[in-house]
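Here the structure comes first, spelled out in structure tokens, and everything after it is commentary.
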Amino acid sequence: MLINVKNLHKSFGDLEVLRGVDLEVPKGNVVAIIGPSGSGKTTFLRCLNALEMPNAGQYEFHDGFKMDFSKTPKTEEILKLRRKSGMVFQSYNLFPHKTAIENVMEGPVIVQKLKKSEVRTKAEDLLKKVGLEEKMHLYPHQLSGGQQQRVGIARALAIQPELMLFDEPTSALDPELVGEVLSVMKELAREGQTMVVVTHELKFAEDVADHVMFIDGGVVVEQGPPKEILKAPKEARTKQFLDRVLNPS
Ligand code: ADP
Ligand code: MG
């Protein structure tokens with residue numbers, strides 16, 4: 001296992017958003033998380049990156065790094081956890097006043113305190129990898145949504161995270177731009193990058209994920225291999241959700 005998450009709880013005031021979520025991810029696996037809007041998917045991903053602090057639960061990495069959220073974590077633990085995972089956001093979250101390559105260099109320079117000269121070649125390689133060799137010096141507003149999201153992926157990869165987290169990375173894109181982002185993600189999966197992906201792209205989940213988790217109301221309703229969960233779900237709630245995604249009208 002690369003990570004093992006146990007009994008994760010998160011509340012915002014009186015609202016209990018995550019009510020005991022468990023997840024194990026073997027190294028090199030892709031986990032797809034599906035579920036209705038408001039079910040806690042984003043909150044769960046943000047907890048895995050310590051962008052939200054869970055109220056309870058444990059999070060363990062294969063190297064023995066462990067966090068127990070029933071105690072207040074130390075700042076150095078939070079920073080260590082953040083360096084282990086790269087997050088790709090639904091709305092890209094690029095710095096608007098920085099070029100593509102400056103966005104990619106930001107993490108290694110600011111977080112890892114590396115020199116710009118050391119980081120530049122690696123950032124160029126990452127932008128080549130996501131097919132943006134020609135666009136390195138453009139600002140986000142000069143790029144299409146699909147290009148911006150590919151910069152977002154390169155930026156998340158720049159700290160060489162053990163785990164990549166994707167929060168509905170294609171849901172803000174025009175339909176014709178979805179494919180270019182999914183194919184970058186497919187390539188990462190093929191290279192053995194461990195990934196947790198919140199997505200409504202069921203075809204992607206079926207083709208690329210090793211494991212699918214259906215979450216509703218802050219609990220895991222069912223999880224298992226994509227063929228089982230997407231094609232032969234046991235739970236009525238899962239069936240109903242899949243039906244709505246496949247037949248929106
Ligand atoms: P999903 O990504 O599955 O749509 P979210 O994790 O974004 O769901 O949200 C789950 C619930 O938590 C929603 O009811 C949402 O309003 C609430 N929520 C999320 N973030 C916050 C926050 N920072 N403060 C208060 N409520 C929040
Ligand atoms: Mg969400």
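If you're wondering about the labels, chains in the structure tokens are A, B, ... by order shown, residues count from 1 in each chain, ligands from 1 in order shown.
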Near Gly146 in chain A, within 9 Å and counting only C-alpha atoms, which residues show up once chain neighbours fewer than 4 positions away are dropped, as JSON, numbers by chain?
{"A": [150, 151, 170, 173, 174, 177, 178, 179, 180, 181]}
Close residues to ligand 1 using only C-alpha atoms and all ligand atoms, limit 10 Å, as a ChimeraX atom specification:
/A:10-18,33-47,52,90,167-168,198-199,215-218
Long-range neighbours of Ala209 in chain A as a PDB file with C-alpha atoms, in the first residue's frame, 10 Å cut-off, only C-alpha atoms, 2 positions minimum in chain:
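Output file around.pdb is given in full below:
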```pdb
ATOM      1  CA  ASN A  29      -2.888   2.255  -8.652  1.00  0.00           C
ATOM      2  CA  VAL A  30      -5.549   4.676  -9.841  1.00  0.00           C
ATOM      3  CA  VAL A  31      -8.622   5.139  -7.658  1.00  0.00           C
ATOM      4  CA  ALA A  32     -11.662   6.893  -9.111  1.00  0.00           C
ATOM      5  CA  ILE A  33     -14.089   8.514  -6.693  1.00  0.00           C
ATOM      6  CA  LYS A 186      -3.822   8.170 -18.837  1.00  0.00           C
ATOM      7  CA  ALA A 189      -1.266   6.191 -14.930  1.00  0.00           C
ATOM      8  CA  MET A 195      -3.532   8.711  -8.407  1.00  0.00           C
ATOM      9  CA  VAL A 196      -6.851   9.446  -6.710  1.00  0.00           C
ATOM     10  CA  VAL A 197      -9.250  11.012  -9.201  1.00  0.00           C
ATOM     11  CA  LEU A 202     -17.197   7.039 -16.301  1.00  0.00           C
ATOM     12  CA  LYS A 203     -15.446   5.801 -19.436  1.00  0.00           C
ATOM     13  CA  PHE A 204     -12.132   7.081 -18.057  1.00  0.00           C
ATOM     14  CA  ALA A 205     -12.858   5.439 -14.693  1.00  0.00           C
ATOM     15  CA  GLU A 206     -13.673   2.156 -16.412  1.00  0.00           C
ATOM     16  CA  ASP A 207     -10.601   2.201 -18.667  1.00  0.00           C
ATOM     17  CA  HIS A 211     -10.612   0.732  -8.072  1.00  0.00           C
ATOM     18  CA  VAL A 212     -13.813   2.783  -7.949  1.00  0.00           C
ATOM     19  CA  PRO A 225     -13.173  -3.003  -9.312  1.00  0.00           C
ATOM     20  CA  PRO A 226     -14.576  -0.667 -12.015  1.00  0.00           C
ATOM     21  CA  LYS A 227     -16.433  -3.494 -13.780  1.00  0.00           C
TER      22      LYS A 227
END
```
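Using only C-alpha atoms and all ligand atoms, the nearest neighbour of ligand 2 within the list A:Phe89, A:Phe69, A:Phe241, A:Phe214 is A:Phe89.
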Contacts of Gln112 in chain A at 12 Å or less, counting only C-alpha atoms, minus same-chain residues fewer than 4 places along, as JSON, numbers by chain?
{"A": [79, 80, 82, 83, 84, 105, 106, 107, 108, 116, 118, 119, 158, 159, 160, 161]}
Please identify which residues in range 82-232 of chain A DSSP calls alpha helix (DSSP H) from the backbone, and express them as a ChimeraX atom specification.
/A:82-84,100-106,116-129,145-157,175-190,202-208,226
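The two atoms in question, CA of Val184 in chain A and CA of Pro140 in chain A, are spaced 18.5 Å apart.
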Might you pull out every residue within 8 Å of His137 in chain A, with only C-alpha atoms counted and same-chain residues fewer than 6 positions away left off, and present them as a ChimeraX atom specification?
/A:99-101
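With only C-alpha atoms as the atoms that count, the minimum distance from Asn103 in chain A to the choices A:Thr72, A:Leu230, A:Gln149, A:Ser85 is reached by A:Gln149.
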Close residues, Ala236 in chain A itself excluded, 12 Å, only C-alpha atoms, min 4 positions apart in chain, as a list in words
Phe214, Asp216, Val221, Glu222, Ile229, Ala232, Gln240, Phe241, Leu242 and Asp243 of chain A
Filtering to N, CA and C atoms, could you give me those residues as a compact mmCIF listing (two decimals), in the first residue's frame?
```txt
# COMPACT_ATOMS: atom_id res chain seq x y z
N PHE A 214 -17.69 4.70 -4.61
CA PHE A 214 -18.89 5.54 -4.70
C PHE A 214 -19.20 6.08 -3.31
N ASP A 216 -21.52 8.79 -0.94
CA ASP A 216 -22.76 9.57 -0.87
C ASP A 216 -22.99 9.94 0.59
N VAL A 221 -20.49 4.17 -0.02
CA VAL A 221 -21.64 3.28 -0.18
C VAL A 221 -21.17 1.93 -0.70
N GLU A 222 -20.30 1.95 -1.72
CA GLU A 222 -19.64 0.71 -2.14
C GLU A 222 -18.37 1.02 -2.90
N ILE A 229 -18.45 -2.01 -9.89
CA ILE A 229 -19.15 -0.83 -9.39
C ILE A 229 -19.88 -0.10 -10.52
N ALA A 232 -22.11 -3.43 -12.56
CA ALA A 232 -23.02 -4.28 -11.79
C ALA A 232 -23.05 -3.87 -10.33
N GLN A 240 -28.78 4.34 -9.03
CA GLN A 240 -29.52 5.57 -9.30
C GLN A 240 -28.56 6.69 -9.76
N PHE A 241 -27.41 6.79 -9.08
CA PHE A 241 -26.43 7.81 -9.45
C PHE A 241 -25.89 7.56 -10.86
N LEU A 242 -25.52 6.33 -11.16
CA LEU A 242 -24.95 6.01 -12.48
C LEU A 242 -25.98 6.29 -13.57
N ASP A 243 -27.21 5.94 -13.28
CA ASP A 243 -28.29 6.18 -14.22
C ASP A 243 -28.42 7.67 -14.55
```
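The coordinates place CA of Glu176 in chain A at 24.1 Å from CA of Met164 in chain A.
Between CA of Glu24 in chain A and CA of Leu163 in chain A the separation is 12.3 Å.
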So that I can see what lies close to Leu126 in chain A, please list as a count of residues only the residues with an atom at most 9 Å from it, counting only C-alpha atoms and leaving out residues fewer than 5 positions away in the same chain.
11
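The smallest atom-to-atom distance between ligand 2 and any of A:Ser171, A:Gln58, A:Ser144, A:Asn7, using only C-alpha atoms and all ligand atoms, is found for A:Ser171.
Using only C-alpha atoms for every distance, the candidate list A:Lys115, A:Lys27, A:His97, A:Lys234 yields A:His97 as the residue closest to Gln142 in chain A.
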